[in-house]
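S.K.: work-v4.csv is the file, holding CSV, C-alpha atoms:
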```csv
chain,number,residue,atom,x,y,z
A,780,MET,CA,0.0,0.0,0.0
A,781,LYS,CA,1.4,3.4,-1.0
A,782,THR,CA,1.4,6.3,1.3
A,783,PRO,CA,0.0,9.6,-0.1
A,784,ASP,CA,2.5,12.1,-1.3
A,785,THR,CA,2.8,14.9,1.3
A,786,GLY,CA,4.5,17.2,-1.2
A,787,ALA,CA,8.0,16.4,-0.1
A,788,ALA,CA,8.9,15.5,-3.7
A,789,LYS,CA,7.9,18.9,-5.1
A,790,LYS,CA,10.6,21.3,-6.2
A,791,VAL,CA,11.4,24.2,-3.9
A,792,LYS,CA,11.0,27.4,-5.8
A,793,LYS,CA,13.4,29.5,-3.6
A,794,ASN,CA,17.0,29.7,-4.8
A,795,TYR,CA,19.4,29.1,-1.9
A,796,SER,CA,23.1,29.3,-2.2
A,797,CYS,CA,26.2,28.4,-0.2
A,798,ASN,CA,29.9,29.0,-0.7
A,799,ILE,CA,32.3,26.0,-0.5
A,800,ASN,CA,36.0,26.8,-1.0
A,801,LEU,CA,35.2,30.0,-3.1
A,802,ILE,CA,33.0,27.9,-5.4
A,803,LYS,CA,29.3,29.0,-5.5
A,804,TYR,CA,26.6,26.4,-5.7
A,805,ASN,CA,23.0,27.3,-6.3
A,806,ILE,CA,20.6,24.8,-4.9
A,807,CYS,CA,18.2,24.3,-7.9
A,808,SER,CA,15.8,21.8,-6.5
A,809,ILE,CA,15.3,19.6,-3.4
A,810,ASN,CA,13.2,16.4,-3.3
A,811,ARG,CA,13.0,13.3,-1.1
A,812,LYS,CA,16.0,11.7,-2.8
A,813,ALA,CA,18.4,14.3,-4.0
A,814,ILE,CA,19.6,17.9,-3.9
A,815,THR,CA,20.5,19.2,-7.3
A,816,LEU,CA,23.4,21.7,-7.3
A,817,LYS,CA,24.4,24.0,-10.1
A,818,LYS,CA,28.1,24.9,-9.8
A,819,GLU,CA,29.1,28.5,-10.7
A,820,THR,CA,32.6,30.0,-10.5
A,821,HIS,CA,32.9,32.6,-7.9
A,822,MET,CA,35.5,35.2,-7.3
A,823,ASP,CA,35.5,37.1,-4.0
A,824,LYS,CA,35.7,40.9,-3.8
A,825,ILE,CA,39.4,41.1,-2.9
A,826,ALA,CA,40.5,38.7,-5.7
A,827,TRP,CA,38.2,40.5,-8.3
A,828,GLU,CA,39.6,44.0,-7.3
A,829,LYS,CA,43.2,42.7,-7.4
A,830,ALA,CA,42.7,41.1,-10.8
A,831,ALA,CA,41.0,44.2,-12.2
A,832,LYS,CA,44.0,46.4,-11.1
A,833,GLU,CA,46.6,43.9,-12.4
A,834,ARG,CA,44.9,43.4,-15.7
A,835,THR,CA,44.4,47.2,-16.2
A,836,ASP,CA,48.0,48.0,-15.3
A,837,HIS,CA,49.2,45.3,-17.7
A,838,TYR,CA,47.0,46.5,-20.5
A,839,LEU,CA,48.1,50.1,-20.1
A,840,ASN,CA,51.8,49.3,-19.8
A,841,LEU,CA,52.5,47.0,-22.8
A,842,ASN,CA,55.3,49.4,-24.0
A,843,ASP,CA,54.2,48.7,-27.6
A,844,GLY,CA,53.9,52.4,-28.6
A,845,GLY,CA,50.2,51.8,-29.3
A,846,PHE,CA,47.2,54.0,-29.0
A,847,ASP,CA,46.3,53.1,-25.4
A,848,GLU,CA,49.9,53.9,-24.3
A,849,THR,CA,49.7,57.3,-26.1
A,850,MET,CA,46.5,58.1,-24.2
A,851,LYS,CA,48.4,58.4,-20.9
A,852,ALA,CA,45.7,56.5,-19.0
A,853,HIS,CA,46.1,55.0,-15.6
A,854,PHE,CA,44.0,52.9,-13.1
A,855,TYR,CA,42.1,55.0,-10.6
A,856,GLU,CA,39.7,52.5,-8.8
A,857,CYS,CA,37.3,49.6,-9.2
A,858,ASP,CA,34.2,48.4,-7.5
A,859,PHE,CA,33.3,44.7,-7.1
A,860,GLU,CA,29.6,45.2,-6.2
A,861,GLU,CA,29.0,47.6,-9.1
A,862,LYS,CA,31.3,45.7,-11.4
A,863,SER,CA,32.9,49.0,-12.4
A,864,LEU,CA,36.4,50.2,-13.3
A,865,THR,CA,37.6,53.8,-13.3
A,866,ILE,CA,40.4,55.1,-15.5
A,867,GLU,CA,42.0,58.5,-15.5
A,868,PHE,CA,43.4,60.3,-18.6
A,869,GLU,CA,45.7,63.3,-18.8
A,870,THR,CA,44.8,65.7,-21.5
A,871,GLN,CA,47.6,66.4,-24.0
A,872,LYS,CA,48.5,69.1,-26.5
A,873,TRP,CA,48.0,66.8,-29.5
A,874,GLN,CA,44.3,66.3,-28.5
A,875,ILE,CA,43.2,69.9,-28.8
A,876,ASN,CA,40.7,71.2,-31.4
A,877,GLU,CA,40.6,74.5,-33.2
A,878,ARG,CA,39.2,76.3,-30.1
A,879,GLY,CA,41.9,74.9,-27.8
A,880,GLY,CA,39.7,72.4,-26.0
A,881,ILE,CA,40.0,68.6,-26.2
A,882,HIS,CA,38.8,67.3,-29.5
A,883,GLY,CA,35.7,65.0,-29.4
A,884,GLY,CA,37.6,62.3,-31.2
A,885,ALA,CA,40.2,62.3,-28.5
A,886,ILE,CA,37.5,62.0,-25.8
A,887,ALA,CA,35.9,59.1,-27.8
A,888,GLY,CA,39.3,57.5,-27.8
A,889,MET,CA,39.4,57.8,-24.0
A,890,PHE,CA,36.1,56.1,-23.8
A,891,ASP,CA,37.2,53.3,-26.2
A,892,THR,CA,40.4,52.7,-24.2
A,893,ALA,CA,38.5,52.6,-20.9
A,894,PHE,CA,35.7,50.4,-22.4
A,895,GLY,CA,38.3,48.1,-24.0
A,896,ILE,CA,40.1,47.6,-20.7
A,897,MET,CA,36.9,46.5,-18.9
A,898,ALA,CA,35.7,44.4,-21.8
A,899,ASN,CA,39.0,42.6,-22.0
A,900,PHE,CA,39.0,42.0,-18.2
A,901,ILE,CA,35.5,40.5,-18.5
A,902,ALA,CA,36.5,38.4,-21.5
A,903,GLY,CA,39.3,36.8,-19.4
A,904,GLU,CA,41.7,34.8,-21.5
A,905,LYS,CA,39.9,35.9,-24.7
A,906,GLU,CA,40.4,39.3,-26.3
A,907,ALA,CA,37.3,41.5,-26.8
A,908,ALA,CA,36.7,43.7,-29.9
A,909,THR,CA,34.5,46.8,-30.1
A,910,VAL,CA,31.1,46.1,-31.9
A,911,ASP,CA,29.6,49.5,-31.4
A,912,MET,CA,30.1,52.5,-29.2
A,913,THR,CA,28.2,55.8,-28.7
A,914,VAL,CA,29.5,58.9,-26.9
A,915,ASN,CA,27.3,61.9,-26.0
A,916,PHE,CA,29.3,65.1,-25.3
A,917,LEU,CA,27.8,67.2,-22.5
A,918,ARG,CA,30.4,69.9,-21.9
A,919,PRO,CA,33.9,70.8,-23.0
A,920,LEU,CA,37.1,69.3,-21.5
A,921,GLU,CA,40.0,71.7,-21.5
A,922,LEU,CA,43.8,71.1,-22.0
A,923,GLY,CA,45.4,70.6,-18.6
A,924,GLU,CA,42.3,69.0,-17.1
A,925,THR,CA,42.1,65.3,-16.1
A,926,CYS,CA,39.3,63.1,-17.4
A,927,ARG,CA,38.1,60.3,-15.2
A,928,ILE,CA,35.9,57.7,-16.9
A,929,LYS,CA,33.9,55.2,-14.9
A,930,VAL,CA,32.9,52.1,-16.8
A,931,ILE,CA,30.0,50.0,-15.5
A,932,THR,CA,29.2,46.5,-16.6
A,933,VAL,CA,25.6,46.3,-17.9
A,934,LYS,CA,25.8,42.6,-19.1
A,935,ALA,CA,28.7,40.3,-19.2
A,936,GLY,CA,27.6,37.6,-21.6
A,937,ARG,CA,29.6,34.9,-23.4
A,938,SER,CA,28.9,36.4,-26.8
A,939,ILE,CA,28.4,40.1,-26.1
A,940,ILE,CA,29.5,42.4,-23.3
A,941,ARG,CA,27.4,45.6,-22.7
A,942,LEU,CA,29.0,48.5,-21.0
A,943,ARG,CA,28.1,52.1,-20.1
A,944,ALA,CA,30.3,54.9,-18.8
A,945,GLU,CA,30.4,58.4,-17.5
A,946,ALA,CA,33.3,60.9,-17.9
A,947,PHE,CA,34.0,63.6,-15.4
A,948,CYS,CA,36.5,66.5,-15.3
A,949,VAL,CA,38.5,65.9,-12.1
A,950,GLU,CA,39.2,69.6,-11.5
A,951,THR,CA,35.5,70.8,-11.8
A,952,GLY,CA,33.7,67.6,-10.7
A,953,LYS,CA,31.3,68.1,-13.6
A,954,GLN,CA,30.3,65.4,-16.0
A,955,THR,CA,31.7,66.0,-19.5
A,956,ALA,CA,30.3,63.0,-21.5
A,957,ALA,CA,28.4,59.7,-21.3
A,958,GLY,CA,28.8,56.6,-23.4
A,959,SER,CA,27.7,53.0,-24.0
A,960,GLY,CA,28.6,50.1,-26.3
A,961,SER,CA,29.0,46.4,-27.0
A,962,TRP,CA,32.1,44.2,-27.2
A,963,MET,CA,32.5,40.7,-28.5
A,964,PRO,CA,34.8,38.2,-26.9
A,965,LEU,CA,36.9,36.6,-29.7
```
Would you mind giving the structure from this file in structure tokens?

M.R.:
Amino acid sequence: MKTPDTGAAKKVKKNYSCNINLIKYNICSINRKAITLKKETHMDKIAWEKAAKERTDHYLNLNDGGFDETMKAHFYECDFEEKSLTIEFETQKWQINERGGIHGGAIAGMFDTAFGIMANFIAGEKEAATVDMTVNFLRPLELGETCRIKVITVKAGRSIIRLRAEAFCVETGKQTAAGSGSWMPL
């Protein structure tokens, strides 16, 4: 004679998780006979922030004479919870436009460098290539000012990485531009 099912075999809809040796497991379902675990890789805050700084410093110091080196960028800070990375750029004489301010193309180059650093960090061992990028200019940036660009991860997918960013003039504290775009891990 069978005993009536009391509901113990039904799947639990809540998603519980636990950390075991820095590996995250999501408990997907629980029934009378088994617990199903879905393994996810997990990087703690300290390791993520250390890796972000190391990868950024490496990327910006290739000593290959390339564009990113010419931009005179350096790591400023990163935030694990927000999945953001902030890069600072010194403005330079070669970047000025006819009125003496920083040319919009140079500012777009700053965005592309900052976005590229974050996209390549997210892509890990793969390299990431720009798919599209938009920059909206809000106010001028002048020669001698420092531009600080904060890049925030919108979506870190396997096939497309979506990012957004805001640029601020360090000296005035005012926002100078905003941007967004997509990168493809190769």

S.K.: Compare A:Thr865, A:Ser961, A:Thr932, A:Thr892 by their minimum atom-to-atom distance to A:Thr909, counting only C-alpha atoms, and give me the closest one.

M.R.: A:Ser961

S.K.: My list of candidates is A:Asn840, A:Thr951, A:Ser863, A:Thr849. Which is closest to A:Ile901 when distances are computed with only C-alpha atoms?

M.R.: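 Smallest separation from A:Ile901 among the options: A:Ser863.
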
S.K.: Would you mind reading off the distance between atom CA of A:Asp836 and atom CA of A:Val930, one decimal, in Å?

M.R.: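 These atoms are spaced 15.7 Å apart.
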
S.K.: To one decimal place in Å, what is the distance between atom CA of A:Ala935 and atom CA of A:Ala893?

M.R.: 15.8 Å

S.K.: Could you please determine the separation between atom CA of A:Trp962 and atom CA of A:Glu867 in Å, to one decimal place?

M.R.: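 About the pair atom CA of A:Trp962 and atom CA of A:Glu867: they are 21.0 Å apart.
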
S.K.: Between A:Ala831, A:Ile875, A:Ala908, A:Ala826, which has the minimum distance to A:Leu965 (counting all atoms listed in the file)?

M.R.: A:Ala908

S.K.: Counting only C-alpha atoms, which residue out of A:Thr835, A:Thr925, A:Thr955, A:Ser938 sits closest to A:Asp847?

M.R.: A:Thr835

S.K.: Quick one: everything within 10 Å of A:Val910, counting all atoms listed in the file, minus sequence neighbours fewer than 2 positions away in the same chain. Send it as a PyMOL selection string.

M.R.: chain A and resi 907-908+912+939-941+960-963

S.K.: Identify, on the basis of all atoms listed in the file, every residue whose closest approach to A:Ala944 does not exceed 6 Å; exclude the query and any residue fewer than 3 positions from it along the same chain; express the result as a tab-separated table (two decimals) with C-alpha atoms, keeping the file's coordinate frame.

M.R.:
```
chain	number	residue	atom	x	y	z
A	929	LYS	CA	33.90	55.20	-14.90
A	930	VAL	CA	32.90	52.10	-16.80
A	931	ILE	CA	30.00	50.00	-15.50
A	957	ALA	CA	28.40	59.70	-21.30
A	958	GLY	CA	28.80	56.60	-23.40
```

S.K.: Would you mind listing what lies within 7 Å of A:Ala852 as number ranges by chain, with all atoms listed in the file counted and same-chain residues fewer than 4 positions away left out?

M.R.: A: 839, 866-869

S.K.: Kindly indicate which residue among A:Met850, A:Val949, A:Leu942, A:Ile881 lies nearest to A:Asn899, using all atoms listed in the file for the distances.

M.R.: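 Among A:Met850, A:Val949, A:Leu942, A:Ile881, it is A:Leu942 that comes nearest to A:Asn899.
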
S.K.: With distances taken over only C-alpha atoms, which residue among A:Lys851, A:Ala902, A:Asp858, A:Asp843 lies nearest A:Gly888?

M.R.: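 For A:Gly888, the nearest of the candidates is A:Lys851.
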